[in-house]
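Student: Have a look at the structure that comes next, please.
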Amino acid sequence: SCQLGLNAAALAVFGGQKNMVRFAERHPILFSLMLVAILNVGQLIWFILLPHAEALVFGLSGKITICIVIALIMTRMYWWRAAGFGQRLTWHTLREYAPVLLKLLPAFMLLMTVGTSLDSVHILGWAAMALMEGFSEEAVYRGLSMRAFMPSGWLRAVLLTTVIFGVGHITNVIVQPLGATLLQIAGALAAGLILATMRLTSGDLLPAMFIHAASNFPLHIIDMGSPVATQAIGAWYGNATVIIPVLLVIYSLWRLWLYSRQQPRPAEALTPQMQ
């Protein structure tokens, strides 16, 4: 079966739109892992090509490459709308995502504390990288992968994309301690469940992209090594980044329960935006 999957993957890569869609729906796990590989290899290539460059330089180079590849895949598959882009923002969509704005509170508080002390060029660079991370990762996990899993049921789509998103952060152990990586995986699992739930219930991916970007932005500010930023990270920031995701996970589980009551037959729970 592994060989058949690899053969199907090769056919999808070099075949037409129908072959790619058929491969994604018949082998959603392999399809998702290939997309995750693109996210990691796209960044690794520039790390190798620019070993002595500033982190922001090879980071931006990698993200630009990844975004182009992901955009080409969605274009080739005609899955922009299926992935959640191109929808009209409605009050229903904004209402679904409104509680997730709590997740941005720690980032907002940190920026209010250290924003004026940071270099504007680097701020813009890290903001651009955060936006590209939001686009590429949401397109991969809550967009393409979630759409590929939907024919087998909405709950399976939510749970598997959440697990793949969380475990996908294991590669960060290369550049940071194991303990920090495990904490990051736990945070990614929580964020993955929250964003997947909002994607499912709203049908729109664009708000998730901006929320993801805004969540990542302060992490880049911290990684800059600014003394002011380092001093500003106190107990309030650590507590907020734990308590708020826990509350949002509880909210997401409640929303999934409500969704399940509205969708008694999981096989028919495919929303129009994902078809």
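Chain labels follow the order of the structure tokens: the first chain is A, the next B, and so on; residue numbering restarts at 1 in every chain, and ligands are counted from 1 in their shown order.
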Name all residues at most 8 Å from stretch 180-189 of chain A (count only C-alpha atoms; drop same-chain ones fewer than 5 positions away) and give them as a ChimeraX atom specification.
Tutor: /A:162-163,165-170,172-173,245
Student: Generate the output file for the selected residues, N, CA and C atoms, as a PDB file, in the first residue's frame.
Tutor:
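Saved to result.pdb:
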```
ATOM      1  N   THR A 162      -5.276  18.812  13.247  1.00  0.00           N
ATOM      2  CA  THR A 162      -4.751  19.350  14.504  1.00  0.00           C
ATOM      3  C   THR A 162      -3.506  18.597  14.939  1.00  0.00           C
ATOM      4  N   VAL A 163      -3.562  17.258  14.878  1.00  0.00           N
ATOM      5  CA  VAL A 163      -2.414  16.438  15.278  1.00  0.00           C
ATOM      6  C   VAL A 163      -1.228  16.682  14.347  1.00  0.00           C
ATOM      7  N   PHE A 165      -0.589  19.312  12.579  1.00  0.00           N
ATOM      8  CA  PHE A 165      -0.082  20.655  12.833  1.00  0.00           C
ATOM      9  C   PHE A 165       0.793  20.681  14.080  1.00  0.00           C
ATOM     10  N   GLY A 166       0.332  20.019  15.139  1.00  0.00           N
ATOM     11  CA  GLY A 166       1.096  20.017  16.383  1.00  0.00           C
ATOM     12  C   GLY A 166       2.404  19.255  16.260  1.00  0.00           C
ATOM     13  N   VAL A 167       2.314  18.027  15.764  1.00  0.00           N
ATOM     14  CA  VAL A 167       3.513  17.192  15.649  1.00  0.00           C
ATOM     15  C   VAL A 167       4.479  17.760  14.614  1.00  0.00           C
ATOM     16  N   GLY A 168       3.960  18.499  13.642  1.00  0.00           N
ATOM     17  CA  GLY A 168       4.821  19.094  12.626  1.00  0.00           C
ATOM     18  C   GLY A 168       5.858  20.041  13.200  1.00  0.00           C
ATOM     19  N   HIS A 169       5.620  20.536  14.432  1.00  0.00           N
ATOM     20  CA  HIS A 169       6.574  21.445  15.069  1.00  0.00           C
ATOM     21  C   HIS A 169       7.760  20.712  15.697  1.00  0.00           C
ATOM     22  N   ILE A 170       7.772  19.366  15.621  1.00  0.00           N
ATOM     23  CA  ILE A 170       8.869  18.606  16.212  1.00  0.00           C
ATOM     24  C   ILE A 170      10.206  18.941  15.564  1.00  0.00           C
ATOM     25  N   ASN A 172      11.428  21.671  15.088  1.00  0.00           N
ATOM     26  CA  ASN A 172      12.063  22.812  15.756  1.00  0.00           C
ATOM     27  C   ASN A 172      13.076  22.379  16.805  1.00  0.00           C
ATOM     28  N   VAL A 173      13.075  21.075  17.128  1.00  0.00           N
ATOM     29  CA  VAL A 173      14.060  20.582  18.100  1.00  0.00           C
ATOM     30  C   VAL A 173      15.484  20.750  17.568  1.00  0.00           C
ATOM     31  N   PRO A 245      -5.314  30.034  25.766  1.00  0.00           N
ATOM     32  CA  PRO A 245      -5.548  28.865  24.904  1.00  0.00           C
ATOM     33  C   PRO A 245      -6.396  27.782  25.570  1.00  0.00           C
TER      34      PRO A 245
END
```
Student: Tell me which of A:Thr171, A:Thr65, A:Ser120, A:Gln263 sits closest to A:Gln43, counting only C-alpha atoms.
Tutor: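 Answer, going by the shortest atom-to-atom distance: A:Thr65.
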Student: Please list as a list in words every residue within 9 Å of A:Ile64, counting only C-alpha atoms and excluding residues in the same chain fewer than 4 positions away.
Tutor: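 Near neighbours after the sequence-gap exclusion: Gly42, Gly59, Leu60, Ile68, Val69, Met129 and Met132 of chain A.
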Student: Using only C-alpha atoms, pick whichever of A:Ala127, A:Leu247, A:Leu35, A:Leu256 has the shortest atom-to-atom distance to A:Phe210.
Tutor: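 Nearest candidate to A:Phe210 out of A:Ala127, A:Leu247, A:Leu35, A:Leu256: A:Ala127.
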Student: Provide the atom CA of A:Cys67 to atom CA of A:Ile211 distance in Å, to one decimal place.
Tutor: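 So the answer is 17.3 Å.
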Student: Measuring atom to atom with only C-alpha atoms, identify which of A:Ser61, A:Met150, A:Ala98, A:Pro51 is nearest to A:His27.
Tutor: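 Ranking A:Ser61, A:Met150, A:Ala98, A:Pro51 by distance to A:His27, first place goes to A:Met150.
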Student: What is the atom CA of A:Arg88 to atom CA of A:Leu124 distance in Å?
Tutor: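 Separation of atom CA of A:Arg88 and atom CA of A:Leu124: 27.9 Å.
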Student: Excluding A:Ala83 and any residue of its chain fewer than 4 positions from it, enumerate the residues within 7 Å of it, using only C-alpha atoms, and give them as a list in words.
Tutor: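 In the requested format, the answer is Trp79, Ala139, Gly143, Leu144, Arg147 and Met274 of chain A.
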Student: Can you work out the spacing between atom CA of A:Trp80 and atom CA of A:Glu133 in Å, to one decimal?
Tutor: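 Going from atom CA of A:Trp80 over to atom CA of A:Glu133, I get 17.1 Å.
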Student: Among stretch 54-274 of chain A, which residues does DSSP mark as helix (DSSP H, G or I) when it is run on the backbone? Keep the chain and numbering as in the structure and answer as a ChimeraX atom specification.
Tutor: /A:55-77,91-117,120-152,154-174,178-202,206-223,227-232,235-262,266-268,272-274
Student: Would you please work out which residue, of A:Val175, A:Ala148, A:Val249, A:Val100, is nearest to A:Ala190 when using only C-alpha atoms?
Tutor: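 Among the listed residues, A:Val249 lies closest to A:Ala190.
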Student: Using only C-alpha atoms, which of the listed residues (A:Ile123, A:Ile66, A:Ala82, A:Ile73) sits closest to A:Ser136?
Tutor: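 For A:Ser136, the nearest of the given residues is A:Ile66.
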Student: When you count only C-alpha atoms, which of these residues is closest to A:Gly203: A:Gly62, A:Gly134, A:Gly86, A:Gly179?
Tutor: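 Of A:Gly62, A:Gly134, A:Gly86, A:Gly179, the one nearest A:Gly203 is A:Gly86, counting only C-alpha atoms.
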